[in-house]
Amino acid sequence: MGKSGSKLNKKTLQELLENTNFSEEEIKQLYKGFHRDCPTGKVTLKEFKYIYGRFFPSGNADDFAKHVFRTFDTNKDGYVDFPEFLTAVSMTSRGSVEDKLRWTFGMYDLDKDGFITKDEMLNILEAIYDMMGSEIIDSLPPEERCPAKRRDKIFELLDHNDDQIITLEEFLEGAQRDKALVDVLTNGIFNKKK
């Protein structure tokens, strides 16, 4: 991939058909749009922040976009190419609840050590709050307006052994028991507004 107007090669198309929840026609249409918007075939962090920020004009999406970009950039080369983009979009838009939760866990687990600390959780929640903007924050119930309080509530619900970390198993189990918690964990990630 690289040049504007380039075609999606058969090998990449086949891999995307096997690894996403999109049809061949959808993949081809999304590929055209991706290359129209990103003629180089790659999106930089700066471009990603700009694009993401357009969806959240009332807040500052830079920090949150950085976290999403990090999660999309699976090969860690500093760019998001079409296969990375489409795989992430498939998981976040058409994946099962468990797929979305696994993806979300990966975003919250900043250092990729297999668990989420209170600091990591707070880092992501603060980025979500910044992105939402004060108008949306002010519309939340008072007990949900502070990222640290929301973090503490999430830990209370998920960290059953009180070891101050949340494992993937705790994350999946707790979130699937409580649908409202899924909304808290994914708000701002999969939905523009609550």
# chains A, B, ... in the order shown; residues from 1 in each chain; ligands from 1
$ select_by_dssp --residues "range 36-180 of chain A" --states "strand (DSSP E or B)" --output "PyMOL selection string"
chain A and resi 42-43+80-81+115-117+165-167
$ write_last_selection --atoms "C-alpha atoms" --output "short mmCIF file (atom, residue, chain, number, x, y, z; two decimals), in the first residue's frame"
data_model
loop_
_atom_site.label_atom_id
_atom_site.label_comp_id
_atom_site.auth_asym_id
_atom_site.auth_seq_id
_atom_site.Cartn_x
_atom_site.Cartn_y
_atom_site.Cartn_z
CA LYS A 42 -0.96 5.53 6.48
CA VAL A 43 -2.29 7.79 9.22
CA VAL A 80 -2.07 3.17 11.26
CA ASP A 81 -2.40 1.52 7.88
CA PHE A 115 -3.48 -5.79 34.13
CA ILE A 116 -4.91 -2.33 34.72
CA THR A 117 -3.66 -0.25 37.63
CA ILE A 165 -5.17 -4.21 39.86
CA ILE A 166 -7.75 -5.48 37.39
CA THR A 167 -6.88 -8.52 35.33
#
$ select_by_dssp --residues "range 9-88 of chain A" --states "alpha helix (DSSP H)" --output "PyMOL selection string"
chain A and resi 10-19+24-37+45-55+62-72+82-88
$ closest_residue --among "A:Gly106, A:Phe22, A:Ile27, A:Ser58" --to "Glu135 in chain A" --atoms "only C-alpha atoms"
A:Ser58
$ residues_around --residues "Asp63 in chain A" --least-positions-apart "6" --cutoff "9 Å" --atoms "only C-alpha atoms" --output "list of chain:residue names"
A:Lys49, A:Ile124, A:Glu126, A:Ala127, A:Ile128, A:Asp130, A:Met131
$ atom_distance --atom1 "CA of Glu170 in chain A" --atom2 "CA of Thr87 in chain A"
24.9 Å
$ residues_around --residues "Asn19 in chain A" --least-positions-apart "5" --cutoff "10 Å" --atoms "only C-alpha atoms" --output "list in words"
Leu13, Gln14, Pro83, Leu86, Thr87, Ser90 and Met91 of chain A
$ closest_residue --among "A:Arg150, A:Tyr31, A:Gly78, A:Glu24" --to "Glu47 in chain A" --atoms "only C-alpha atoms"
A:Gly78
$ closest_residue --among "A:Leu158, A:Met107, A:Ala148, A:Val68" --to "Asp119 in chain A" --atoms "only C-alpha atoms"
A:Ala148
$ residues_around --residues "Gly174 in chain A" --least-positions-apart "5" --cutoff "12 Å" --atoms "only C-alpha atoms" --output "count of residues only"
18
$ closest_residue --among "A:Arg70, A:Ser134, A:Ser93, A:Lys149" --to "Lys112 in chain A" --atoms "only C-alpha atoms"
A:Arg70
$ closest_residue --among "A:Leu110, A:Met132, A:Leu17, A:Leu8" --to "Gly59 in chain A" --atoms "only C-alpha atoms"
A:Met132
$ residues_around --residues "Cys146 in chain A" --least-positions-apart "6" --cutoff "10 Å" --atoms "only C-alpha atoms" --output "ChimeraX atom specification"
/A:125-126,129,137,140
$ decode --residues "range 99-136 of chain A" --atoms "C-alpha atoms" --output "compact mmCIF listing (two decimals), in the first residue's frame"
# COMPACT_ATOMS: atom_id res chain seq x y z
CA ASP A 99 -14.37 -8.43 21.58
CA LYS A 100 -15.07 -4.82 22.51
CA LEU A 101 -14.17 -5.44 26.13
CA ARG A 102 -10.88 -7.14 25.19
CA TRP A 103 -10.03 -4.22 22.92
CA THR A 104 -10.97 -1.75 25.67
CA PHE A 105 -8.87 -3.64 28.21
CA GLY A 106 -5.91 -3.34 25.83
CA MET A 107 -6.38 0.41 25.69
CA TYR A 108 -6.62 0.78 29.48
CA ASP A 109 -3.56 -1.48 30.00
CA LEU A 110 -1.09 1.26 29.06
CA ASP A 111 2.11 -0.68 29.71
CA LYS A 112 0.78 -3.97 28.29
CA ASP A 113 1.66 -5.96 31.42
CA GLY A 114 -1.65 -7.81 31.49
CA PHE A 115 -3.48 -5.79 34.13
CA ILE A 116 -4.91 -2.33 34.72
CA THR A 117 -3.66 -0.25 37.63
CA LYS A 118 -5.55 2.61 39.24
CA ASP A 119 -3.19 5.09 37.59
CA GLU A 120 -3.77 3.56 34.14
CA MET A 121 -7.54 3.63 34.63
CA LEU A 122 -7.41 7.25 35.78
CA ASN A 123 -5.23 8.23 32.81
CA ILE A 124 -7.80 6.92 30.33
CA LEU A 125 -10.81 8.26 32.22
CA GLU A 126 -9.26 11.74 32.39
CA ALA A 127 -8.69 11.61 28.62
CA ILE A 128 -12.34 10.59 28.09
CA TYR A 129 -13.56 13.42 30.33
CA ASP A 130 -11.36 15.95 28.51
CA MET A 131 -12.73 14.73 25.20
CA MET A 132 -16.37 14.93 26.30
CA GLY A 133 -16.09 18.56 27.35
CA SER A 134 -17.62 20.43 30.26
CA GLU A 135 -21.15 20.56 28.83
CA ILE A 136 -21.43 16.78 28.81
